[in-house]
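J.: Input file: my_file.txt. Contents: compact mmCIF, C-alpha atoms.
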```
# COMPACT_ATOMS: atom_id res chain seq x y z
CA MET A 35 0.00 0.00 0.00
CA ASN A 36 1.03 3.53 -0.55
CA THR A 37 2.84 5.27 2.30
CA GLU A 38 0.67 3.51 4.87
CA ILE A 39 3.49 1.44 6.31
CA GLY A 40 5.23 4.65 7.23
CA VAL A 41 2.21 5.91 9.11
CA GLU A 42 2.18 2.62 11.00
CA LEU A 43 5.81 3.22 11.95
CA LEU A 44 5.03 6.58 13.50
CA LYS A 45 1.91 5.36 15.24
CA GLU A 46 3.95 2.64 16.86
CA LEU A 47 6.22 5.25 18.36
CA GLN A 48 3.30 7.36 19.50
CA ARG A 49 1.26 4.56 21.03
CA THR A 50 3.99 3.04 23.12
CA THR A 51 3.95 3.14 26.89
CA GLU A 52 7.63 2.25 27.02
CA GLN A 53 10.20 4.98 27.26
CA LEU A 54 11.71 3.92 23.98
CA PRO A 55 10.15 1.02 22.04
CA LYS A 56 12.20 -1.44 20.05
CA TYR A 57 13.62 -0.06 16.83
CA ASP A 58 11.42 -1.53 14.10
CA GLN A 59 14.06 -2.60 11.60
CA SER A 60 11.68 -4.53 9.33
CA LEU A 61 9.15 -1.73 9.06
CA VAL A 62 11.88 0.83 8.43
CA GLN A 63 13.28 -1.46 5.76
CA LYS A 64 9.84 -1.75 4.15
CA VAL A 65 9.41 2.01 4.03
CA ILE A 66 12.86 2.38 2.48
CA GLU A 67 12.05 -0.27 -0.13
CA GLU A 68 8.72 1.31 -0.94
CA THR A 69 10.36 4.70 -1.35
CA ASN A 70 12.98 3.24 -3.67
CA ARG A 71 10.32 1.45 -5.72
CA LYS A 72 8.45 4.71 -6.21
CA GLN A 73 11.68 6.37 -7.14
CA GLU A 74 12.31 3.73 -9.80
CA GLN A 75 8.82 4.12 -11.19
CA LEU A 76 9.30 7.83 -11.37
CA HIS A 77 12.66 7.45 -12.98
CA GLU A 78 11.26 5.00 -15.53
CA MET A 79 8.46 7.39 -16.47
CA VAL A 80 10.85 10.26 -16.94
CA LYS A 81 13.14 8.06 -19.04
CA GLN A 82 10.28 7.09 -21.35
CA LYS A 83 9.35 10.74 -21.57
CA LYS A 84 5.90 10.01 -20.17
CA TYR A 85 5.13 13.44 -18.91
CA GLU A 86 3.34 15.08 -21.78
CA ASP A 87 -0.30 14.38 -21.04
CA THR A 88 -2.19 15.45 -17.95
CA ILE A 89 -2.64 11.96 -16.54
CA SER A 90 1.07 11.24 -16.62
CA LYS A 91 1.85 14.61 -15.12
CA THR A 92 -0.52 13.96 -12.25
CA LYS A 93 0.98 10.54 -11.76
CA LEU A 94 4.45 12.02 -11.57
CA HIS A 95 3.31 14.54 -9.01
CA ILE A 96 1.74 11.89 -6.87
CA LEU A 97 4.81 9.67 -7.02
CA ASN A 98 7.00 12.55 -6.06
CA TYR A 99 4.70 13.45 -3.22
CA MET A 100 4.76 9.87 -1.91
CA ILE A 101 8.53 9.80 -1.93
CA GLU A 102 8.74 13.04 -0.03
CA ARG A 103 6.17 11.88 2.43
CA ASN A 104 8.08 8.70 3.15
CA GLU A 105 11.30 10.63 3.56
CA GLN A 106 9.58 12.92 6.02
CA ILE A 107 8.20 9.95 7.92
CA LEU A 108 11.61 8.30 8.20
CA THR A 109 13.14 11.57 9.33
CA SER A 110 10.50 12.06 12.00
CA TYR A 111 10.86 8.49 13.24
CA HIS A 112 14.60 8.74 13.66
CA LEU A 113 14.59 12.28 15.03
CA GLU A 114 11.95 11.47 17.60
CA ARG A 115 13.93 8.48 18.84
CA GLY A 116 17.07 10.60 18.83
CA LYS A 117 15.32 13.19 20.99
CA LYS A 118 14.40 10.52 23.50
CA LEU A 119 18.00 9.34 23.63
CA ILE A 120 19.11 12.91 24.25
CA GLU A 121 16.56 13.30 27.06
CA MET A 122 18.01 10.17 28.61
CA ARG A 123 21.43 11.81 28.88
CA TRP A 124 19.85 14.61 30.91
CA ASP A 125 17.74 12.29 33.02
CA PHE A 126 20.09 9.48 33.97
CA GLY A 127 23.58 10.44 32.90
CA SER A 128 25.73 9.01 30.16
CA VAL A 129 25.01 5.35 30.87
CA ILE A 130 22.13 3.85 28.89
CA PRO A 131 19.85 1.75 31.12
CA ASN A 132 19.90 -1.95 30.21
CA GLN A 133 16.25 -2.31 29.29
CA ILE A 134 16.70 0.53 26.79
CA ARG A 135 19.94 -0.75 25.36
CA GLU A 136 18.05 -3.81 24.10
CA ASN A 137 15.68 -1.60 22.11
CA ILE A 138 18.15 0.53 20.21
CA THR A 139 20.36 -0.02 17.19
CA GLN A 140 24.11 0.23 16.92
CA ASN A 141 23.64 3.55 15.14
CA GLU A 142 21.52 4.90 17.94
CA GLU A 143 23.99 3.78 20.54
CA SER A 144 26.80 5.66 18.86
CA PHE A 145 24.48 8.64 18.40
CA HIS A 146 23.89 8.70 22.14
CA HIS A 147 27.58 8.25 22.81
CA GLU A 148 28.58 11.10 20.52
CA TYR A 149 25.93 13.38 21.95
CA CYS A 150 27.34 12.76 25.43
CA GLN A 151 30.77 13.64 24.09
CA ILE A 152 29.61 16.89 22.50
CA LEU A 153 27.75 17.91 25.62
CA GLU A 154 30.74 17.00 27.76
CA ASP A 155 33.03 19.15 25.60
CA TYR A 156 30.68 22.10 25.92
CA MET A 157 30.34 21.75 29.68
CA ASN A 158 34.10 21.34 30.11
CA SER A 159 34.68 24.53 28.17
CA LEU A 160 32.37 26.31 30.63
CA ASP A 161 33.76 24.52 33.66
CA LEU A 162 30.18 23.94 34.82
CA ASP A 163 28.09 20.78 34.97
CA LEU A 164 24.77 21.82 33.46
CA THR A 165 23.11 18.51 34.20
CA GLN A 166 23.16 19.33 37.90
CA ASP A 167 20.53 21.35 39.72
CA HIS A 168 17.33 20.37 38.02
CA GLN A 169 15.49 21.65 41.04
CA PRO A 170 16.18 24.98 42.65
CA PRO A 171 18.49 24.53 45.64
CA SER A 172 16.86 24.03 48.98
CA ASN A 173 18.19 25.39 52.24
CA ASP A 174 20.15 22.25 52.86
CA LEU A 175 23.73 22.27 51.76
CA TYR A 176 24.06 18.68 52.98
CA ILE A 177 21.60 15.83 52.56
CA GLU A 178 21.40 12.36 54.02
CA VAL A 179 21.67 9.50 51.54
CA ARG A 180 21.62 5.73 51.54
CA VAL A 181 24.00 3.88 49.21
CA LEU A 182 22.08 1.40 47.04
CA LYS A 183 25.03 -0.36 45.44
CA ASP A 184 28.78 -0.63 45.80
CA TYR A 185 30.28 2.14 43.74
CA GLY A 186 33.85 2.54 44.95
CA GLN A 187 35.43 5.82 45.89
CA ILE A 188 34.31 9.28 44.86
CA PHE A 189 35.81 12.70 45.32
CA ILE A 190 33.75 15.13 47.35
CA ASP A 191 34.06 18.73 48.56
CA GLY A 192 35.52 19.90 45.27
CA GLY A 193 38.12 17.14 45.20
CA GLN A 194 39.40 17.73 48.71
CA SER A 195 38.32 14.46 50.24
CA ILE A 196 37.46 10.94 49.18
CA VAL A 197 34.58 8.84 50.40
CA GLU A 198 33.88 5.16 49.82
CA LEU A 199 30.34 4.28 48.69
CA LYS A 200 29.45 0.90 50.14
CA LYS A 201 26.08 -0.73 49.76
CA ASN A 202 23.62 0.01 52.58
CA SER A 203 25.78 2.61 54.27
CA ARG A 204 24.32 5.98 55.20
CA LEU A 205 26.16 9.18 54.49
CA PHE A 206 25.78 12.86 54.94
CA LEU A 207 26.90 14.42 51.67
CA ARG A 208 26.83 17.75 49.98
CA ARG A 209 23.78 18.05 47.74
CA VAL A 210 25.98 18.91 44.73
CA ASP A 211 28.09 15.80 45.22
CA ALA A 212 25.12 13.51 45.65
CA GLU A 213 22.66 14.81 43.05
CA ASN A 214 23.90 13.09 39.92
CA LEU A 215 24.51 9.82 41.76
CA ILE A 216 20.93 9.91 43.00
CA ARG A 217 19.73 10.29 39.44
CA GLU A 218 21.92 7.39 38.32
CA GLY A 219 20.38 5.26 41.04
CA VAL A 220 23.52 4.77 43.10
CA LEU A 221 22.24 6.77 46.05
CA GLU A 222 18.85 7.30 47.59
CA HIS A 223 17.89 10.52 49.30
CA ILE A 224 16.62 9.87 52.78
CA ILE A 225 13.92 12.36 53.53
CA SER A 226 13.12 12.59 57.18
CA ASN A 227 10.14 14.50 58.41
CA MET B 234 26.10 46.60 37.08
CA ASN B 235 23.68 44.70 39.28
CA LEU B 236 25.06 41.25 38.72
CA ILE B 237 22.60 38.95 40.43
CA PRO B 238 19.35 40.84 39.62
CA ASP B 239 20.52 41.09 36.01
CA LEU B 240 21.29 37.40 35.86
CA GLU B 241 17.92 36.68 37.39
CA LYS B 242 16.18 38.81 34.78
CA ALA B 243 18.12 37.23 31.92
CA TRP B 244 17.27 33.79 33.28
CA ILE B 245 13.55 34.48 33.61
CA ASN B 246 13.38 36.10 30.17
CA GLU B 247 15.18 33.17 28.61
CA LYS B 248 13.00 30.69 30.44
CA ASN B 249 9.73 32.21 29.28
CA SER B 250 10.41 33.31 25.76
CA PRO B 251 9.88 30.99 22.80
CA GLU B 252 13.04 32.22 21.06
CA ILE B 253 16.71 32.54 21.98
CA PHE B 254 17.86 35.89 23.35
CA PRO B 255 21.24 37.49 22.70
CA PHE B 256 23.88 35.86 24.87
CA ASN B 257 24.90 38.07 27.76
CA GLU B 258 28.62 37.46 27.74
CA THR B 259 29.77 40.04 30.28
CA LEU B 260 27.11 38.92 32.71
CA VAL B 261 28.11 35.26 32.53
CA ASN B 262 31.85 35.92 32.67
CA GLU B 263 31.57 38.36 35.53
CA THR B 264 29.36 35.97 37.52
CA GLN B 265 31.87 33.18 37.03
CA ASN B 266 34.71 35.43 38.11
CA GLN B 267 32.92 36.47 41.27
CA LEU B 268 32.02 32.89 42.07
CA ASN B 269 35.63 31.80 41.70
CA LYS B 270 36.79 34.63 43.94
CA GLN B 271 34.24 33.78 46.59
CA GLU B 272 35.12 30.10 46.43
CA SER B 273 38.80 30.72 46.97
CA PHE B 274 37.91 33.11 49.77
CA ILE B 275 35.95 30.36 51.51
CA PHE B 276 38.75 27.90 50.93
CA GLN B 277 41.21 30.30 52.48
CA GLN B 278 38.97 30.89 55.50
CA GLN B 279 38.56 27.17 55.95
CA SER B 280 42.27 26.57 56.09
CA GLN B 281 42.77 29.41 58.54
CA ASN B 282 40.08 27.98 60.77
CA GLN B 283 38.99 31.35 62.10
CA THR B 284 35.50 31.77 60.73
CA PRO B 285 32.84 29.49 62.23
CA THR B 286 31.76 26.67 59.93
CA PHE B 287 28.20 27.90 60.24
CA ILE B 288 29.07 31.18 58.55
CA LEU B 289 31.05 29.43 55.85
CA ASN B 290 28.07 27.17 55.17
CA LEU B 291 25.95 30.25 54.63
CA TYR B 292 28.47 31.54 52.07
CA GLU B 293 28.44 28.19 50.34
CA THR B 294 24.67 28.07 50.23
CA GLU B 295 24.74 31.47 48.59
CA ILE B 296 27.23 30.23 46.00
CA GLU B 297 25.10 27.19 45.24
CA ARG B 298 22.10 29.40 44.64
CA ILE B 299 23.93 31.64 42.22
CA LYS B 300 25.39 28.62 40.46
CA PHE B 301 21.90 27.28 40.09
CA LEU B 302 20.86 30.46 38.27
CA LEU B 303 23.88 30.34 36.02
CA ARG B 304 23.55 26.66 35.17
CA SER B 305 19.86 26.94 34.58
CA TYR B 306 20.34 29.98 32.33
CA LEU B 307 22.93 28.19 30.21
CA ARG B 308 20.98 24.95 30.20
CA ILE B 309 17.74 26.54 28.99
CA ARG B 310 19.67 28.21 26.18
CA LEU B 311 21.38 24.97 25.22
CA ARG B 312 18.12 23.05 25.06
CA LYS B 313 16.61 25.74 22.83
CA ILE B 314 19.69 25.64 20.64
CA GLU B 315 19.26 21.90 20.20
CA LYS B 316 15.62 22.34 19.37
CA PHE B 317 16.22 24.99 16.71
CA SER B 318 19.57 23.67 15.49
CA SER B 319 18.63 23.35 11.83
CA ASN B 320 17.30 26.91 11.77
CA ILE B 321 20.39 28.26 13.47
CA ILE B 322 22.72 26.60 10.98
CA ASN B 323 20.88 28.27 8.11
CA ASP B 324 20.45 31.69 9.65
CA SER B 325 23.45 33.88 10.45
CA GLN B 326 21.22 36.30 12.32
CA ILE B 327 20.34 33.75 14.96
CA GLN B 328 23.97 32.65 15.05
CA SER B 329 24.95 36.11 16.24
CA LEU B 330 22.84 35.55 19.36
CA LEU B 331 24.98 32.66 20.53
CA SER B 332 28.20 32.64 22.46
CA GLU B 333 31.23 31.26 20.69
CA LYS B 334 31.03 28.05 22.69
CA GLU B 335 27.35 27.66 21.99
CA PHE B 336 28.02 28.11 18.30
CA GLN B 337 30.67 25.39 18.36
CA PHE B 338 28.18 23.18 20.12
CA VAL B 339 25.41 23.73 17.60
CA GLN B 340 27.72 22.98 14.66
CA LYS B 341 28.75 19.67 16.16
CA PHE B 342 25.19 18.92 17.17
CA HIS B 343 23.84 19.58 13.71
CA ASN B 344 26.47 17.36 12.11
CA LEU B 345 25.61 14.65 14.57
CA ILE B 346 21.94 14.75 13.55
CA ILE B 347 22.73 14.79 9.83
CA ASN B 348 25.14 11.87 10.15
CA HIS B 349 22.70 9.92 12.22
CA LEU B 350 19.92 10.31 9.67
CA ASP B 351 22.32 9.51 6.90
CA GLU B 352 23.56 6.31 8.47
CA SER B 353 20.09 5.26 9.56
CA PHE B 354 18.29 5.56 6.23
CA LEU B 355 19.28 8.41 3.91
CA SER B 356 22.23 6.45 2.54
CA LYS B 357 19.88 3.58 1.66
CA LEU B 358 17.57 5.73 -0.42
CA LYS B 359 18.05 5.87 -4.16
CA ARG B 360 17.32 9.54 -4.37
CA LYS B 361 20.25 11.43 -2.97
CA LYS B 362 19.29 14.75 -1.64
CA ASN B 363 19.80 16.59 1.55
CA PHE B 364 16.27 17.45 2.45
CA PHE B 365 16.78 17.79 6.15
CA GLN B 366 15.31 21.07 7.15
CA ASN B 367 13.08 21.01 10.05
CA LYS B 368 10.27 23.39 9.41
CA ILE B 369 8.30 22.42 12.43
CA ASP B 370 10.72 23.42 15.13
CA GLN B 371 10.58 27.17 14.91
CA PRO B 372 9.94 29.54 17.78
CA ASP B 373 6.24 30.17 18.19
CA PHE B 374 5.75 33.93 18.38
CA GLU B 375 2.00 33.51 18.77
CA GLU B 376 2.53 32.03 22.20
CA PHE B 377 1.05 33.89 25.14
CA VAL B 378 3.49 35.18 27.74
CA ALA B 379 3.19 37.07 31.01
CA CYS B 380 5.20 40.25 31.18
CA GLN B 381 5.80 43.38 33.18
CA VAL B 382 6.49 46.91 31.94
CA LEU B 383 9.83 48.27 33.19
CA GLU B 384 9.51 51.81 31.86
CA ASP B 385 6.63 53.81 30.39
CA ILE B 386 6.02 53.12 26.73
CA GLU B 387 3.93 55.51 24.67
CA ASN B 388 2.06 55.45 21.38
CA VAL B 389 1.84 51.78 20.74
CA GLN B 390 -0.84 49.92 18.87
CA PHE B 391 -1.07 46.14 18.93
CA GLU B 392 -2.65 44.28 16.03
CA ASP B 393 -5.17 42.16 17.82
CA GLN B 394 -5.29 43.73 21.22
CA ASP B 395 -7.12 46.78 22.51
CA LEU B 396 -5.14 48.83 24.99
CA GLU B 397 -6.25 51.41 27.49
CA ASP B 398 -4.26 54.61 27.65
CA ASP B 399 -2.34 53.87 30.76
CA ASP B 400 -1.71 50.21 30.03
CA LEU B 401 1.95 50.53 29.23
CA LYS B 402 2.97 52.37 32.39
CA GLU B 403 5.83 51.19 34.53
CA GLY B 404 4.98 48.22 36.74
CA LYS B 405 1.89 47.09 34.79
CA LEU B 406 1.47 43.39 34.22
CA PHE B 407 -0.14 41.56 31.38
CA ILE B 408 -0.57 38.39 29.43
CA ILE B 409 -0.24 38.90 25.72
CA LYS B 410 1.00 37.27 22.55
CA TYR B 411 4.79 37.20 22.46
CA LYS B 412 5.03 38.79 19.01
CA ASN B 413 3.40 41.97 20.29
CA ILE B 414 5.93 42.72 22.97
CA ARG B 415 9.02 41.00 21.61
CA SER B 416 10.80 44.21 20.66
CA PHE B 417 10.18 45.76 24.10
CA VAL B 418 11.70 42.80 25.88
CA LEU B 419 14.76 42.99 23.65
CA GLU B 420 15.05 46.71 24.40
CA ASP B 421 14.78 46.00 28.10
CA LYS B 422 11.58 48.05 28.42
CA MET B 423 9.66 45.00 29.55
CA LYS B 424 10.53 41.74 31.21
CA LEU B 425 8.90 38.36 31.00
CA LEU B 426 7.50 36.70 34.09
```
Please express the file's structure as structure tokens.
T.:
Amino acid sequence: MNTEIGVELLKELQRTTEQLPKYDQSLVQKVIEETNRKQEQLHEMVKQKKYEDTISKTKLHILNYMIERNEQILTSYHLERGKKLIEMRWDFGSVIPNQIRENITQNEESFHHEYCQILEDYMNSLDLDLTQDHQPPSNDLYIEVRVLKDYGQIFIDGGQSIVELKKNSRLFLRRVDAENLIREGVLEHIISN
Amino acid sequence: MNLIPDLEKAWINEKNSPEIFPFNETLVNETQNQLNKQESFIFQQQSQNQTPTFILNLYETEIERIKFLLRSYLRIRLRKIEKFSSNIINDSQIQSLLSEKEFQFVQKFHNLIINHLDESFLSKLKRKKNFFQNKIDQPDFEEFVACQVLEDIENVQFEDQDLEDDDLKEGKLFIIKYKNIRSFVLEDKMKLL
């Protein structure tokens, strides 16, 4: 059918309840094939100089329109997934969660990786970590956290001291030092009332 | 120059406007300088052990708050730059609104997107053409914004808005389409809220 597979591709992305559904290689492939078939048809018609009468002209227009539509669909599909991968960098740091890694292609993985690199370069040039501070700072300079998994040693207090993160231990850390680790799921903020 | 109030204003404007504002280089540099100075001051006090820790904590809390403003300001800009990257690449006027570092970022970012689309499907299409131009992601000037008048403005007519005589006096608040007041915000005669 004409350009309907592509619509299916986008609907799949829209309908999903998952953060990022599995990359639909076969459907993408079908859309690419369909687009190329239309391109061949169009090419063939031009070669046979079938563009004199009105019917042929209309046919050419429609073919061209279908090709453009499919291209637009493929672009949207890949851009939308790319956007989600970018959001992930801001939400959980540069490591891709396992359940998501299963759903993405090699290309997408390197896209994510390169994005992290570009962002890192920018932040290094500013000497500021922009992924910190998603919420306005509270009055507490220090917060109490529980360590959820063994993580090894980290530098705190601007590199002045080192602390070992061992599973199940409780620590009193600076909010800035703890924030990104909380988002990565290494630490849990203990909120006492 | 009123460093912190100015930074606050720049941050709120940036946060609430659909488009990117001119980068305030002096403001950002000066804030970073002051922060560095204050940080080394605290460090020095710490090593001398004369000032009570309580006082030093207050200083640090202050620093964290200012850093929050700065990070948030730069982050909001960066996310807009990502969103409008294909427009920025094709429009030297918008490019002039970015800092040098932001411009480097957007170039790399745009290449990343193009390469990703190319590797994912463009290279498999028979028709070779670079059609990637995202027409959808453009700032929406029709958006409604809340704003406050900073100095009296006279003799203005808005297209689709009836104004009373004393509407544009200092301190007045309103909610209006962004396109109507855009120039005033850029001239610093109004601020967004």
J.: Please tell me which residues are no farther than 10 Å from (22.5, 3.4, 41.8) in the file, counting all atoms listed in the file, and write them as a list in words.
T.: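 Residues close enough to count: Val181, Leu182, Lys183, Asp184, Tyr185, Lys201, Asn214, Leu215, Ile216, Arg217, Glu218, Gly219, Val220, Leu221 and Glu222 of chain A.
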J.: Show me, as a list in words, the residues that have an atom within 10 Å of Gln340 of chain B when counting all atoms listed in the file, minus same-chain residues fewer than 6 positions from it.
T.: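 The residues that qualify are Ser318, Ser319, Ile321 and Ile322 of chain B.
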J.: Within 10 Å of Pro255 of chain B, counting all atoms listed in the file, which residues show up once you throw out same-chain ones fewer than 2 positions away? Write them as a ChimeraX atom specification, please.
T.: /B:243,247,252-253,257-258,327-332,419
J.: Check which residues of chain A sit at most 9 Å from chain B using all atoms listed in the file, and return one row each with the closest pair of atoms and their distance in Å to one decimal, ordered by chain and rising number, as JSON lines.
T.:
```
{"residue": "A:Val62", "atom": "CA", "partner": "B:Phe354", "partner_atom": "CA", "distance": 8.3}
{"residue": "A:Gln63", "atom": "CA", "partner": "B:Phe354", "partner_atom": "CA", "distance": 8.6}
{"residue": "A:Ile66", "atom": "CA", "partner": "B:Leu358", "partner_atom": "CA", "distance": 6.5}
{"residue": "A:Glu67", "atom": "CA", "partner": "B:Leu358", "partner_atom": "CA", "distance": 8.2}
{"residue": "A:Thr69", "atom": "CA", "partner": "B:Leu358", "partner_atom": "CA", "distance": 7.3}
{"residue": "A:Asn70", "atom": "CA", "partner": "B:Lys359", "partner_atom": "CA", "distance": 5.7}
{"residue": "A:Gln73", "atom": "CA", "partner": "B:Arg360", "partner_atom": "CA", "distance": 7.0}
{"residue": "A:Glu74", "atom": "CA", "partner": "B:Lys359", "partner_atom": "CA", "distance": 8.3}
{"residue": "A:Glu105", "atom": "CA", "partner": "B:Leu355", "partner_atom": "CA", "distance": 8.3}
{"residue": "A:Gln106", "atom": "CA", "partner": "B:Phe365", "partner_atom": "CA", "distance": 8.7}
{"residue": "A:Leu108", "atom": "CA", "partner": "B:Phe354", "partner_atom": "CA", "distance": 7.5}
{"residue": "A:Thr109", "atom": "CA", "partner": "B:Leu350", "partner_atom": "CA", "distance": 6.9}
{"residue": "A:His112", "atom": "CA", "partner": "B:Leu350", "partner_atom": "CA", "distance": 6.8}
{"residue": "A:Leu113", "atom": "CA", "partner": "B:Leu350", "partner_atom": "CA", "distance": 7.8}
{"residue": "A:Gly116", "atom": "CA", "partner": "B:Ile346", "partner_atom": "CA", "distance": 8.3}
{"residue": "A:Asn141", "atom": "CA", "partner": "B:Ser353", "partner_atom": "CA", "distance": 6.8}
{"residue": "A:Glu142", "atom": "CA", "partner": "B:His349", "partner_atom": "CA", "distance": 7.7}
{"residue": "A:Ser144", "atom": "CA", "partner": "B:His349", "partner_atom": "CA", "distance": 8.9}
{"residue": "A:Phe145", "atom": "CA", "partner": "B:His349", "partner_atom": "CA", "distance": 6.6}
{"residue": "A:Glu148", "atom": "CA", "partner": "B:Leu345", "partner_atom": "CA", "distance": 7.5}
{"residue": "A:Tyr149", "atom": "CA", "partner": "B:Phe342", "partner_atom": "CA", "distance": 7.4}
{"residue": "A:Ile152", "atom": "CA", "partner": "B:Phe338", "partner_atom": "CA", "distance": 6.9}
{"residue": "A:Leu153", "atom": "CA", "partner": "B:Phe338", "partner_atom": "CA", "distance": 7.6}
{"residue": "A:Asp155", "atom": "CA", "partner": "B:Phe338", "partner_atom": "CA", "distance": 8.4}
{"residue": "A:Tyr156", "atom": "CA", "partner": "B:Phe338", "partner_atom": "CA", "distance": 6.4}
{"residue": "A:Ser159", "atom": "CA", "partner": "B:Lys334", "partner_atom": "CA", "distance": 7.5}
{"residue": "A:Leu160", "atom": "CA", "partner": "B:Lys334", "partner_atom": "CA", "distance": 8.2}
{"residue": "A:Leu162", "atom": "CA", "partner": "B:Arg304", "partner_atom": "CA", "distance": 7.2}
{"residue": "A:Asp163", "atom": "CA", "partner": "B:Arg304", "partner_atom": "CA", "distance": 7.4}
{"residue": "A:Leu164", "atom": "CA", "partner": "B:Arg304", "partner_atom": "CA", "distance": 5.3}
{"residue": "A:Thr165", "atom": "CA", "partner": "B:Arg308", "partner_atom": "CA", "distance": 7.9}
{"residue": "A:Gln166", "atom": "CA", "partner": "B:Arg304", "partner_atom": "CA", "distance": 7.8}
{"residue": "A:Asp167", "atom": "CA", "partner": "B:Phe301", "partner_atom": "CA", "distance": 6.1}
{"residue": "A:His168", "atom": "CA", "partner": "B:Ser305", "partner_atom": "CA", "distance": 7.8}
{"residue": "A:Gln169", "atom": "CA", "partner": "B:Phe301", "partner_atom": "CA", "distance": 8.6}
{"residue": "A:Pro170", "atom": "CA", "partner": "B:Phe301", "partner_atom": "CA", "distance": 6.7}
{"residue": "A:Pro171", "atom": "CA", "partner": "B:Arg298", "partner_atom": "CA", "distance": 6.1}
{"residue": "A:Ser172", "atom": "CA", "partner": "B:Arg298", "partner_atom": "CA", "distance": 8.7}
{"residue": "A:Asn173", "atom": "CA", "partner": "B:Thr294", "partner_atom": "CA", "distance": 7.3}
{"residue": "A:Asp174", "atom": "CA", "partner": "B:Thr294", "partner_atom": "CA", "distance": 7.8}
{"residue": "A:Leu175", "atom": "CA", "partner": "B:Thr294", "partner_atom": "CA", "distance": 6.1}
{"residue": "A:Val210", "atom": "CA", "partner": "B:Glu297", "partner_atom": "CA", "distance": 8.3}
```
J.: May I have the residues from that selection written out with C-alpha atoms, as a short mmCIF file (atom, residue, chain, number, x, y, z; two decimals), in the frame of the given file?
T.:
```cif
data_model
loop_
_atom_site.label_atom_id
_atom_site.label_comp_id
_atom_site.auth_asym_id
_atom_site.auth_seq_id
_atom_site.Cartn_x
_atom_site.Cartn_y
_atom_site.Cartn_z
CA VAL A 62 11.88 0.83 8.43
CA GLN A 63 13.28 -1.46 5.76
CA ILE A 66 12.86 2.38 2.48
CA GLU A 67 12.05 -0.27 -0.13
CA THR A 69 10.36 4.70 -1.35
CA ASN A 70 12.98 3.24 -3.67
CA GLN A 73 11.68 6.37 -7.14
CA GLU A 74 12.31 3.73 -9.80
CA GLU A 105 11.30 10.63 3.56
CA GLN A 106 9.58 12.92 6.02
CA LEU A 108 11.61 8.30 8.20
CA THR A 109 13.14 11.57 9.33
CA HIS A 112 14.60 8.74 13.66
CA LEU A 113 14.59 12.28 15.03
CA GLY A 116 17.07 10.60 18.83
CA ASN A 141 23.64 3.55 15.14
CA GLU A 142 21.52 4.90 17.94
CA SER A 144 26.80 5.66 18.86
CA PHE A 145 24.48 8.64 18.40
CA GLU A 148 28.58 11.10 20.52
CA TYR A 149 25.93 13.38 21.95
CA ILE A 152 29.61 16.89 22.50
CA LEU A 153 27.75 17.91 25.62
CA ASP A 155 33.03 19.15 25.60
CA TYR A 156 30.68 22.10 25.92
CA SER A 159 34.68 24.53 28.17
CA LEU A 160 32.37 26.31 30.63
CA LEU A 162 30.18 23.94 34.82
CA ASP A 163 28.09 20.78 34.97
CA LEU A 164 24.77 21.82 33.46
CA THR A 165 23.11 18.51 34.20
CA GLN A 166 23.16 19.33 37.90
CA ASP A 167 20.53 21.35 39.72
CA HIS A 168 17.33 20.37 38.02
CA GLN A 169 15.49 21.65 41.04
CA PRO A 170 16.18 24.98 42.65
CA PRO A 171 18.49 24.53 45.64
CA SER A 172 16.86 24.03 48.98
CA ASN A 173 18.19 25.39 52.24
CA ASP A 174 20.15 22.25 52.86
CA LEU A 175 23.73 22.27 51.76
CA VAL A 210 25.98 18.91 44.73
#
```
J.: Between atom CA of Pro372 of chain B and atom CA of Ile314 of chain B, measure the distance and give it in Å to one decimal.
T.: 10.9 Å
J.: What is the distance, in Å and to one decimal place, between atom CA of Pro238 of chain B and atom CA of Ile296 of chain B?
T.: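 About the pair atom CA of Pro238 of chain B and atom CA of Ile296 of chain B: they are 14.7 Å apart.
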J.: Go ahead and compute the interatomic distance for atom CA of Lys45 of chain A and atom CA of Thr92 of chain A, in Å to one decimal.
T.: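 Distance between the two atoms: 28.9 Å.
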J.: So that I can check the surroundings of Gly40 of chain A, please list as a list in words every protein, DNA and RNA residue that reaches within 9 Å of it, counting only C-alpha atoms and ignoring chain neighbours fewer than 3 positions away.
T.: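 Those residues are Asn36, Thr37, Leu43, Leu44, Lys45, Leu61, Val62, Lys64, Val65, Arg103, Asn104, Ile107 and Leu108 of chain A.
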J.: Export C-alpha atoms of the chosen residues as a PDB file, keeping the file's coordinate frame?
T.:
```
ATOM      1  CA  ASN A  36       1.030   3.530  -0.550  1.00  0.00           C
ATOM      2  CA  THR A  37       2.840   5.270   2.300  1.00  0.00           C
ATOM      3  CA  LEU A  43       5.810   3.220  11.950  1.00  0.00           C
ATOM      4  CA  LEU A  44       5.030   6.580  13.500  1.00  0.00           C
ATOM      5  CA  LYS A  45       1.910   5.360  15.240  1.00  0.00           C
ATOM      6  CA  LEU A  61       9.150  -1.730   9.060  1.00  0.00           C
ATOM      7  CA  VAL A  62      11.880   0.830   8.430  1.00  0.00           C
ATOM      8  CA  LYS A  64       9.840  -1.750   4.150  1.00  0.00           C
ATOM      9  CA  VAL A  65       9.410   2.010   4.030  1.00  0.00           C
ATOM     10  CA  ARG A 103       6.170  11.880   2.430  1.00  0.00           C
ATOM     11  CA  ASN A 104       8.080   8.700   3.150  1.00  0.00           C
ATOM     12  CA  ILE A 107       8.200   9.950   7.920  1.00  0.00           C
ATOM     13  CA  LEU A 108      11.610   8.300   8.200  1.00  0.00           C
TER      14      LEU A 108
END
```
J.: Under the rule that all atoms listed in the file are counted, which of B:Glu387, B:Arg310, B:Asn246, B:Phe256 is the nearest residue to Met423 of chain B?
T.: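 Of B:Glu387, B:Arg310, B:Asn246, B:Phe256, the one nearest Met423 of chain B, counting all atoms listed in the file, is B:Asn246.
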